[in-house]
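Here the structure comes first, spelled out in structure tokens, and everything after it is commentary.
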4 protein chains.
Amino acid sequence: MSRPFLYRVRVRYADVDRMGVVYHSRYIEWFEAARTEMLREMGMPYKQLEDRGFLLPVIEVNCQYRSPARYDEVVEIRTAMKGVTRLKIELVYEARNHESAAVLAEGRTLHCFTNPGGRPVRADPSIIDFFKKIQAQSG
Amino acid sequence: MSRPFLYRVRVRYADVDRMGVVYHSRYIEWFEAARTEMLREMGMPYKQLEDRGFLLPVIEVNCQYRSPARYDEVVEIRTAMKGVTRLKIELVYEARNHESAAVLAEGRTLHCFTNPGGRPVRADPSIIDFFKKIQAQSG
Amino acid sequence: MSRPFLYRVRVRYADVDRMGVVYHSRYIEWFEAARTEMLREMGMPYKQLEDRGFLLPVIEVNCQYRSPARYDEVVEIRTAMKGVTRLKIELVYEARNHESAAVLAEGRTLHCFTNPGGRPVRADPSIIDFFKKIQAQSG
Amino acid sequence: MSRPFLYRVRVRYADVDRMGVVYHSRYIEWFEAARTEMLREMGMPYKQLEDRGFLLPVIEVNCQYRSPARYDEVVEIRTAMKGVTRLKIELVYEARNHESAAVLAEGRTLHCFTNPGGRPVRADPSIIDFFKKIQAQSG
């Protein structure tokens, strides 16, 4: 059973380059906002995860650009949990033009669990369960 | 015969997040600066390429994060041209801590040639030759 | 009669520096988003203004920082049109923590009207009327 | 006796907006880089100041935009220490096109001394002396 995790952002002046299209690294920042909202919607804001002693730094990011987004358009990002282990999680993202539904970009981020000092650790079972629940809903 | 194309950047306050490490999307921006300087060093600034009617938008980006960079450190990015066809070019990047030489991140960008209107085109042979020359030197 | 123009933004990881507080230039970008939404609410998106041949570049910006905003907090910016002439407009901004209502920053931007080539021009009376109407409501 | 503190930066793709000119908040970030390099040149990097227990958050920023900077141009920022007290320092900045010497922007930042917890404090006499020395040279 699939539940869409959607994050919307309007393209601002600061986001576009001189070709009038969204600068490519901006999507990487939007992906961060999108997954943050997904965690919040599911009941455990990222800040709470940090308070429990677990960070989730990005260890890999990929993005494929399909068509350009322009100033003032609304971009909608759909986020899904793709994989969960005790060491890592994998998320995928699809950015679309909210109006036309044209695919703008597709991305993927890989994260490991670390302690506050940045050392890789195994996540608590309760945290794994939480991410597995997201995976079941967003798959 | 290999020639290193090196770009150095000092980590600023605006570049690091609350963990004190460089925010992950920043590398993607530095890669852009690094390839721009490579083109300039080789005698054809990107602006000149645009003036000749060719743009090189990013169509794919990947980055793997190896170890964190911190405030005020100097990051050195080595750029190499990995592949050149009439339609696309591929570049790879290695970011290191300038002092310790520790690898911080490894990246890759794929670009296509387009006209100023954003339509994919085949590049002129003279432009291909230029990129092949970079490839021969940076390989 | 006063109408509040409010813009809300959640502080993201990319927005805070290593002290865990919002990097100071970020407010300047949020002010841009806030005034853009004000124009949209009033019925003339900035894009439409551009289509009519008028740009509104920032010619001066000021910001005073009162207290720090932190990761994941919601910042609410209240925007008001302070002054309107045929040559320039002046806006003021107040950023507050949405929950505590603590003032975070107060800003001001001054803009001139230019044509698409960047040359200062006098705005059309209909455009002046539009901005005067915003001023009357937001004062 | 005046000594110029100069910081140069090349305008990148990510720095310009759809009008092809540098996005206005970018100067605020460059000012930060410029004053950081000034401190380093004078022998006390900002990091060292932090290690001694003093932070210098921005409490006010102003910027007046004189003429636009464009993609790939080199911007040169001249920084000067304008005022020093035990509680605050004031810096001024002038950004010019490196080639034409045209003034692009003029700015000013006001900073207070705080402890690592963000509480305003009086700086040590030795630190005040250091800033007074910069003031004498850059005035």
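In the structure tokens, chains take letters A, B, ... by order of appearance, with residues numbered from 1 within each chain and ligands from 1 in the order shown.
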
Inset, instruction - Taking the chain letters and numbering used in this document, name the residues of range 6-95 of chain D that DSSP puts in strand (DSSP E or B), as a VMD selection string. - result: chain D and resid 6 to 10 16 21 to 22 55 58 to 65 70 74 to 84 88 to 95

Reference chain B, mobile chain A, all Cα atoms fitted, written as a CSV table (one decimal) with N, CA and C atoms, in the first residue's frame:
```
chain,number,residue,atom,x,y,z
A,1,MET,N,50.4,10.9,-21.0
A,1,MET,CA,51.1,12.0,-20.2
A,1,MET,C,50.0,12.8,-19.4
A,2,SER,N,50.1,12.7,-18.2
A,2,SER,CA,49.1,13.3,-17.4
A,2,SER,C,49.4,14.7,-16.8
A,3,ARG,N,48.4,15.6,-16.9
A,3,ARG,CA,48.6,16.9,-16.3
A,3,ARG,C,47.5,17.1,-15.3
A,4,PRO,N,47.8,17.5,-14.1
A,4,PRO,CA,46.8,17.6,-13.1
A,4,PRO,C,46.1,19.0,-13.2
A,5,PHE,N,44.8,19.0,-13.3
A,5,PHE,CA,44.0,20.2,-13.2
A,5,PHE,C,43.5,20.4,-11.8
A,6,LEU,N,44.0,21.3,-11.1
A,6,LEU,CA,43.7,21.5,-9.7
A,6,LEU,C,43.0,22.8,-9.4
A,7,TYR,N,42.0,22.7,-8.5
A,7,TYR,CA,41.3,23.8,-8.1
A,7,TYR,C,41.2,23.8,-6.6
A,8,ARG,N,41.6,24.9,-6.0
A,8,ARG,CA,41.6,25.0,-4.5
A,8,ARG,C,40.6,26.0,-4.0
A,9,VAL,N,39.9,25.6,-2.9
A,9,VAL,CA,38.9,26.5,-2.3
A,9,VAL,C,39.0,26.3,-0.8
A,10,ARG,N,38.9,27.4,-0.1
A,10,ARG,CA,38.9,27.4,1.3
A,10,ARG,C,37.5,27.3,1.9
A,11,VAL,N,37.3,26.4,2.8
A,11,VAL,CA,36.0,26.2,3.4
A,11,VAL,C,35.6,27.4,4.2
A,12,ARG,N,34.5,28.0,3.9
A,12,ARG,CA,34.0,29.2,4.5
A,12,ARG,C,32.8,28.9,5.5
A,13,TYR,N,32.5,29.8,6.3
A,13,TYR,CA,31.4,29.6,7.3
A,13,TYR,C,30.1,29.2,6.7
A,14,ALA,N,29.9,29.8,5.5
A,14,ALA,CA,28.6,29.5,4.8
A,14,ALA,C,28.6,28.1,4.3
A,15,ASP,N,29.7,27.5,4.2
A,15,ASP,CA,29.8,26.1,3.6
A,15,ASP,C,29.6,25.0,4.5
A,16,VAL,N,29.7,25.2,5.8
A,16,VAL,CA,29.6,24.1,6.8
A,16,VAL,C,28.2,24.1,7.5
A,17,ASP,N,27.8,23.0,7.9
A,17,ASP,CA,26.5,22.8,8.5
A,17,ASP,C,26.7,22.8,10.1
A,18,ARG,N,25.6,22.5,10.8
A,18,ARG,CA,25.8,22.5,12.3
A,18,ARG,C,26.6,21.4,12.8
A,19,MET,N,27.0,20.4,12.0
A,19,MET,CA,27.9,19.4,12.5
A,19,MET,C,29.4,19.9,12.3
A,20,GLY,N,29.5,21.1,11.7
A,20,GLY,CA,30.8,21.7,11.5
A,20,GLY,C,31.5,21.1,10.2
A,21,VAL,N,30.8,20.3,9.4
A,21,VAL,CA,31.3,19.8,8.2
A,21,VAL,C,30.7,20.4,7.0
A,22,VAL,N,31.4,20.3,5.9
A,22,VAL,CA,30.9,20.9,4.6
A,22,VAL,C,29.6,20.3,4.2
A,23,TYR,N,28.6,21.1,4.0
A,23,TYR,CA,27.3,20.6,3.5
A,23,TYR,C,27.5,19.9,2.2
A,24,HIS,N,26.8,18.8,2.0
A,24,HIS,CA,27.1,17.9,0.9
A,24,HIS,C,26.9,18.5,-0.5
A,25,SER,N,25.9,19.4,-0.6
A,25,SER,CA,25.7,19.9,-2.0
A,25,SER,C,26.8,20.9,-2.4
A,26,ARG,N,27.6,21.4,-1.4
A,26,ARG,CA,28.6,22.3,-1.8
A,26,ARG,C,29.7,21.8,-2.7
A,27,TYR,N,30.0,20.5,-2.6
A,27,TYR,CA,30.9,19.9,-3.5
A,27,TYR,C,30.5,20.0,-5.0
A,28,ILE,N,29.2,19.9,-5.1
A,28,ILE,CA,28.6,19.9,-6.5
A,28,ILE,C,28.9,21.3,-7.1
A,29,GLU,N,28.8,22.3,-6.3
A,29,GLU,CA,29.1,23.7,-6.8
A,29,GLU,C,30.6,23.8,-7.0
A,30,TRP,N,31.4,23.2,-6.1
A,30,TRP,CA,32.9,23.3,-6.3
A,30,TRP,C,33.3,22.6,-7.6
A,31,PHE,N,32.6,21.5,-7.9
A,31,PHE,CA,33.0,20.8,-9.1
A,31,PHE,C,32.8,21.7,-10.3
A,32,GLU,N,31.7,22.5,-10.3
A,32,GLU,CA,31.5,23.4,-11.4
A,32,GLU,C,32.6,24.4,-11.5
A,33,ALA,N,33.0,24.9,-10.4
A,33,ALA,CA,34.1,25.9,-10.4
A,33,ALA,C,35.4,25.2,-10.9
A,34,ALA,N,35.6,24.0,-10.5
A,34,ALA,CA,36.8,23.2,-10.9
A,34,ALA,C,36.9,23.0,-12.4
A,35,ARG,N,35.7,22.6,-13.0
A,35,ARG,CA,35.8,22.3,-14.5
A,35,ARG,C,35.8,23.6,-15.3
A,36,THR,N,35.3,24.7,-14.7
A,36,THR,CA,35.3,26.0,-15.4
A,36,THR,C,36.8,26.4,-15.5
A,37,GLU,N,37.5,26.2,-14.4
A,37,GLU,CA,39.0,26.6,-14.4
A,37,GLU,C,39.8,25.8,-15.3
A,38,MET,N,39.4,24.5,-15.4
A,38,MET,CA,40.1,23.6,-16.3
A,38,MET,C,39.9,24.1,-17.8
A,39,LEU,N,38.7,24.4,-18.1
A,39,LEU,CA,38.5,25.0,-19.5
A,39,LEU,C,39.3,26.2,-19.7
A,40,ARG,N,39.3,27.1,-18.7
A,40,ARG,CA,40.1,28.4,-18.9
A,40,ARG,C,41.5,28.1,-19.1
A,41,GLU,N,42.1,27.2,-18.2
A,41,GLU,CA,43.5,26.9,-18.3
A,41,GLU,C,43.9,26.3,-19.7
A,42,MET,N,42.9,25.6,-20.3
A,42,MET,CA,43.2,25.0,-21.6
A,42,MET,C,42.9,26.0,-22.8
A,43,GLY,N,42.5,27.2,-22.4
A,43,GLY,CA,42.4,28.2,-23.4
A,43,GLY,C,41.0,28.5,-24.0
A,44,MET,N,40.0,27.8,-23.5
A,44,MET,CA,38.6,28.1,-24.0
A,44,MET,C,37.7,28.2,-22.8
A,45,PRO,N,37.6,29.5,-22.2
A,45,PRO,CA,36.7,29.6,-21.1
A,45,PRO,C,35.3,29.2,-21.4
A,46,TYR,N,34.5,28.8,-20.5
A,46,TYR,CA,33.1,28.3,-20.8
A,46,TYR,C,32.3,29.4,-21.5
A,47,LYS,N,32.6,30.7,-21.1
A,47,LYS,CA,31.8,31.8,-21.7
A,47,LYS,C,32.1,31.8,-23.2
A,48,GLN,N,33.3,31.5,-23.6
A,48,GLN,CA,33.6,31.5,-25.0
A,48,GLN,C,32.9,30.4,-25.7
A,49,LEU,N,32.8,29.3,-25.1
A,49,LEU,CA,32.0,28.1,-25.6
A,49,LEU,C,30.6,28.6,-25.8
A,50,GLU,N,30.0,29.3,-24.8
A,50,GLU,CA,28.6,29.8,-25.0
A,50,GLU,C,28.5,30.7,-26.1
A,51,ASP,N,29.5,31.6,-26.3
A,51,ASP,CA,29.5,32.6,-27.3
A,51,ASP,C,29.5,31.9,-28.7
A,52,ARG,N,30.1,30.7,-28.7
A,52,ARG,CA,30.1,30.0,-30.0
A,52,ARG,C,28.8,29.2,-30.2
A,53,GLY,N,27.9,29.3,-29.2
A,53,GLY,CA,26.6,28.7,-29.4
A,53,GLY,C,26.4,27.3,-28.8
A,54,PHE,N,27.3,26.9,-27.9
A,54,PHE,CA,27.2,25.6,-27.3
A,54,PHE,C,27.1,25.8,-25.7
A,55,LEU,N,26.1,25.2,-25.2
A,55,LEU,CA,26.0,25.1,-23.7
A,55,LEU,C,26.3,23.7,-23.3
A,56,LEU,N,26.7,23.5,-22.0
A,56,LEU,CA,27.0,22.2,-21.5
A,56,LEU,C,26.3,21.9,-20.2
A,57,PRO,N,25.0,21.8,-20.3
A,57,PRO,CA,24.2,21.6,-19.0
A,57,PRO,C,24.6,20.2,-18.4
A,58,VAL,N,24.5,20.2,-17.1
A,58,VAL,CA,24.7,18.9,-16.4
A,58,VAL,C,23.5,18.0,-16.6
A,59,ILE,N,23.7,16.8,-17.0
A,59,ILE,CA,22.5,15.9,-17.1
A,59,ILE,C,22.5,14.8,-16.1
A,60,GLU,N,23.7,14.7,-15.4
A,60,GLU,CA,23.8,13.7,-14.3
A,60,GLU,C,24.9,14.1,-13.4
A,61,VAL,N,24.7,13.9,-12.1
A,61,VAL,CA,25.8,14.2,-11.2
A,61,VAL,C,25.8,13.1,-10.1
A,62,ASN,N,27.0,12.7,-9.8
A,62,ASN,CA,27.1,11.7,-8.7
A,62,ASN,C,28.2,12.2,-7.7
A,63,CYS,N,28.1,11.9,-6.5
A,63,CYS,CA,29.1,12.3,-5.5
A,63,CYS,C,29.1,11.3,-4.4
A,64,GLN,N,30.3,10.8,-4.1
A,64,GLN,CA,30.5,9.9,-3.0
A,64,GLN,C,31.4,10.6,-1.9
A,65,TYR,N,30.9,10.6,-0.7
A,65,TYR,CA,31.5,11.3,0.4
A,65,TYR,C,32.4,10.4,1.2
A,66,ARG,N,33.7,10.7,1.2
A,66,ARG,CA,34.6,9.8,1.9
A,66,ARG,C,35.0,10.2,3.3
A,67,SER,N,35.3,11.4,3.5
A,67,SER,CA,35.5,11.9,4.9
A,67,SER,C,35.2,13.4,4.9
A,68,PRO,N,34.8,13.9,6.1
A,68,PRO,CA,34.3,15.3,6.1
A,68,PRO,C,35.4,16.4,6.0
A,69,ALA,N,35.1,17.5,5.4
A,69,ALA,CA,35.9,18.6,5.4
A,69,ALA,C,35.4,19.6,6.4
A,70,ARG,N,36.3,20.4,7.0
A,70,ARG,CA,35.8,21.3,8.1
A,70,ARG,C,36.1,22.7,7.8
A,71,TYR,N,35.6,23.6,8.6
A,71,TYR,CA,35.7,25.0,8.4
A,71,TYR,C,37.2,25.4,8.3
A,72,ASP,N,37.5,26.3,7.3
A,72,ASP,CA,38.8,26.9,7.2
A,72,ASP,C,39.9,26.0,6.5
A,73,GLU,N,39.5,24.7,6.3
A,73,GLU,CA,40.4,23.8,5.6
A,73,GLU,C,40.5,24.2,4.1
A,74,VAL,N,41.6,23.8,3.5
A,74,VAL,CA,41.7,24.1,2.0
A,74,VAL,C,41.4,22.8,1.3
A,75,VAL,N,40.4,22.8,0.4
A,75,VAL,CA,40.0,21.6,-0.4
A,75,VAL,C,40.6,21.7,-1.8
A,76,GLU,N,41.3,20.7,-2.2
A,76,GLU,CA,41.8,20.7,-3.6
A,76,GLU,C,41.1,19.7,-4.4
A,77,ILE,N,40.6,20.2,-5.5
A,77,ILE,CA,39.8,19.3,-6.4
A,77,ILE,C,40.6,19.1,-7.7
A,78,ARG,N,40.8,17.8,-8.0
A,78,ARG,CA,41.5,17.4,-9.2
A,78,ARG,C,40.4,17.0,-10.2
A,79,THR,N,40.4,17.6,-11.4
A,79,THR,CA,39.4,17.3,-12.4
A,79,THR,C,40.0,16.6,-13.6
A,80,ALA,N,39.3,15.6,-14.1
A,80,ALA,CA,39.8,15.0,-15.4
A,80,ALA,C,38.6,14.7,-16.3
A,81,MET,N,38.9,14.8,-17.6
A,81,MET,CA,38.0,14.6,-18.7
A,81,MET,C,38.0,13.0,-18.9
A,82,LYS,N,36.9,12.4,-18.7
A,82,LYS,CA,36.8,11.0,-18.7
A,82,LYS,C,36.4,10.4,-20.1
A,83,GLY,N,35.4,11.2,-20.7
A,83,GLY,CA,34.9,10.7,-21.9
A,83,GLY,C,34.4,11.8,-22.8
A,84,VAL,N,34.5,11.7,-24.1
A,84,VAL,CA,34.1,12.8,-25.0
A,84,VAL,C,33.5,12.1,-26.2
A,85,THR,N,32.2,12.5,-26.5
A,85,THR,CA,31.6,12.1,-27.8
A,85,THR,C,31.1,13.4,-28.4
A,86,ARG,N,30.5,13.3,-29.6
A,86,ARG,CA,29.9,14.5,-30.2
A,86,ARG,C,28.7,15.0,-29.5
A,87,LEU,N,28.1,14.1,-28.6
A,87,LEU,CA,26.9,14.5,-27.9
A,87,LEU,C,27.1,14.8,-26.4
A,88,LYS,N,28.1,14.2,-25.8
A,88,LYS,CA,28.2,14.3,-24.4
A,88,LYS,C,29.7,14.3,-23.9
A,89,ILE,N,29.9,14.9,-22.8
A,89,ILE,CA,31.2,14.7,-22.1
A,89,ILE,C,31.0,14.3,-20.7
A,90,GLU,N,32.0,13.6,-20.2
A,90,GLU,CA,32.0,13.1,-18.8
A,90,GLU,C,33.2,13.5,-18.1
A,91,LEU,N,33.0,14.1,-16.9
A,91,LEU,CA,34.2,14.5,-16.1
A,91,LEU,C,34.2,13.8,-14.7
A,92,VAL,N,35.3,13.6,-14.2
A,92,VAL,CA,35.4,13.0,-12.8
A,92,VAL,C,36.3,14.0,-12.0
A,93,TYR,N,36.0,13.9,-10.7
A,93,TYR,CA,36.6,14.8,-9.7
A,93,TYR,C,37.0,14.1,-8.5
A,94,GLU,N,38.1,14.5,-7.9
A,94,GLU,CA,38.6,14.0,-6.7
A,94,GLU,C,38.9,15.2,-5.8
A,95,ALA,N,38.2,15.2,-4.6
A,95,ALA,CA,38.4,16.3,-3.7
A,95,ALA,C,39.3,15.8,-2.5
A,96,ARG,N,40.4,16.5,-2.2
A,96,ARG,CA,41.2,16.1,-1.1
A,96,ARG,C,41.5,17.3,-0.2
A,97,ASN,N,41.8,17.0,1.0
A,97,ASN,CA,42.3,18.0,2.0
A,97,ASN,C,43.6,18.3,1.5
A,98,HIS,N,43.9,19.6,1.3
A,98,HIS,CA,45.1,20.0,0.7
A,98,HIS,C,46.3,19.7,1.6
A,99,GLU,N,46.1,19.7,2.9
A,99,GLU,CA,47.2,19.5,3.8
A,99,GLU,C,47.5,18.0,4.0
A,100,SER,N,46.5,17.3,4.4
A,100,SER,CA,46.6,15.9,4.7
A,100,SER,C,46.6,14.9,3.5
A,101,ALA,N,46.0,15.5,2.4
A,101,ALA,CA,45.8,14.7,1.2
A,101,ALA,C,44.7,13.6,1.4
A,102,ALA,N,44.0,13.7,2.5
A,102,ALA,CA,42.9,12.7,2.7
A,102,ALA,C,41.8,13.0,1.6
A,103,VAL,N,41.3,11.9,1.1
A,103,VAL,CA,40.2,12.0,0.1
A,103,VAL,C,38.9,12.4,0.8
A,104,LEU,N,38.3,13.5,0.3
A,104,LEU,CA,37.1,13.9,0.9
A,104,LEU,C,35.8,13.5,0.2
A,105,ALA,N,35.9,13.5,-1.1
A,105,ALA,CA,34.8,13.2,-2.0
A,105,ALA,C,35.3,12.9,-3.4
A,106,GLU,N,34.5,12.0,-4.1
A,106,GLU,CA,34.8,11.7,-5.5
A,106,GLU,C,33.5,11.9,-6.2
A,107,GLY,N,33.6,12.6,-7.4
A,107,GLY,CA,32.4,12.9,-8.1
A,107,GLY,C,32.5,12.7,-9.6
A,108,ARG,N,31.4,12.9,-10.3
A,108,ARG,CA,31.3,12.6,-11.7
A,108,ARG,C,30.1,13.5,-12.2
A,109,THR,N,30.4,14.1,-13.3
A,109,THR,CA,29.3,14.8,-14.0
A,109,THR,C,29.2,14.4,-15.4
A,110,LEU,N,28.0,14.4,-15.9
A,110,LEU,CA,27.8,14.1,-17.3
A,110,LEU,C,27.1,15.3,-17.9
A,111,HIS,N,27.5,15.7,-19.1
A,111,HIS,CA,27.0,16.9,-19.7
A,111,HIS,C,26.6,16.6,-21.2
A,112,CYS,N,25.6,17.2,-21.7
A,112,CYS,CA,25.3,17.1,-23.1
A,112,CYS,C,25.6,18.5,-23.7
A,113,PHE,N,25.7,18.5,-25.0
A,113,PHE,CA,25.8,19.8,-25.7
A,113,PHE,C,24.4,20.2,-26.1
A,114,THR,N,24.1,21.5,-25.9
A,114,THR,CA,22.9,22.0,-26.4
A,114,THR,C,23.1,23.4,-27.1
A,115,ASN,N,22.1,23.8,-27.8
A,115,ASN,CA,22.2,25.2,-28.4
A,115,ASN,C,21.6,26.1,-27.3
A,116,PRO,N,21.7,27.4,-27.5
A,116,PRO,CA,21.3,28.4,-26.5
A,116,PRO,C,19.8,28.2,-26.1
A,117,GLY,N,19.0,27.6,-26.9
A,117,GLY,CA,17.6,27.3,-26.6
A,117,GLY,C,17.4,26.1,-25.7
A,118,GLY,N,18.5,25.3,-25.5
A,118,GLY,CA,18.4,24.2,-24.6
A,118,GLY,C,18.2,22.9,-25.4
A,119,ARG,N,18.3,22.9,-26.7
A,119,ARG,CA,18.0,21.7,-27.5
A,119,ARG,C,19.4,21.0,-27.7
A,120,PRO,N,19.4,19.6,-27.4
A,120,PRO,CA,20.6,18.9,-27.6
A,120,PRO,C,21.1,18.9,-29.0
A,121,VAL,N,22.4,19.1,-29.2
A,121,VAL,CA,23.0,19.2,-30.5
A,121,VAL,C,24.3,18.5,-30.6
A,122,ARG,N,24.8,18.2,-31.7
A,122,ARG,CA,26.2,17.7,-31.9
A,122,ARG,C,27.2,18.8,-31.9
A,123,ALA,N,28.2,18.7,-31.2
A,123,ALA,CA,29.2,19.7,-31.1
A,123,ALA,C,30.1,19.8,-32.4
A,124,ASP,N,30.6,21.0,-32.7
A,124,ASP,CA,31.5,21.1,-33.8
A,124,ASP,C,32.8,20.3,-33.6
A,125,PRO,N,33.3,19.8,-34.7
A,125,PRO,CA,34.6,19.0,-34.6
A,125,PRO,C,35.7,19.7,-33.9
A,126,SER,N,35.8,21.0,-34.1
A,126,SER,CA,36.8,21.8,-33.4
A,126,SER,C,36.6,21.8,-31.9
A,127,ILE,N,35.4,21.8,-31.5
A,127,ILE,CA,35.1,21.7,-30.0
A,127,ILE,C,35.4,20.3,-29.5
A,128,ILE,N,35.0,19.3,-30.3
A,128,ILE,CA,35.3,17.9,-29.9
A,128,ILE,C,36.9,17.8,-29.7
A,129,ASP,N,37.6,18.3,-30.7
A,129,ASP,CA,39.1,18.2,-30.6
A,129,ASP,C,39.6,18.9,-29.4
A,130,PHE,N,39.0,20.0,-29.0
A,130,PHE,CA,39.4,20.7,-27.8
A,130,PHE,C,39.2,19.8,-26.6
A,131,PHE,N,38.1,19.2,-26.5
A,131,PHE,CA,37.8,18.3,-25.3
A,131,PHE,C,38.6,17.1,-25.4
A,132,LYS,N,38.9,16.6,-26.6
A,132,LYS,CA,39.8,15.4,-26.7
A,132,LYS,C,41.2,15.7,-26.2
A,133,LYS,N,41.6,16.9,-26.5
A,133,LYS,CA,42.9,17.3,-26.0
A,133,LYS,C,43.0,17.4,-24.5
A,134,ILE,N,41.9,17.9,-23.9
A,134,ILE,CA,41.9,17.9,-22.4
A,134,ILE,C,41.9,16.5,-21.9
A,135,GLN,N,41.1,15.6,-22.6
A,135,GLN,CA,41.1,14.2,-22.1
A,135,GLN,C,42.4,13.6,-22.2
A,136,ALA,N,43.2,13.8,-23.3
A,136,ALA,CA,44.5,13.2,-23.4
A,136,ALA,C,45.4,13.7,-22.3
A,137,GLN,N,45.3,14.9,-21.9
A,137,GLN,CA,46.2,15.5,-20.9
A,137,GLN,C,45.8,15.1,-19.4
A,138,SER,N,44.4,15.0,-19.2
A,138,SER,CA,44.0,14.9,-17.9
A,138,SER,C,43.8,13.4,-17.5
A,139,GLY,N,43.7,12.6,-18.5
A,139,GLY,CA,43.4,11.1,-18.3
A,139,GLY,C,44.2,10.6,-17.2
```
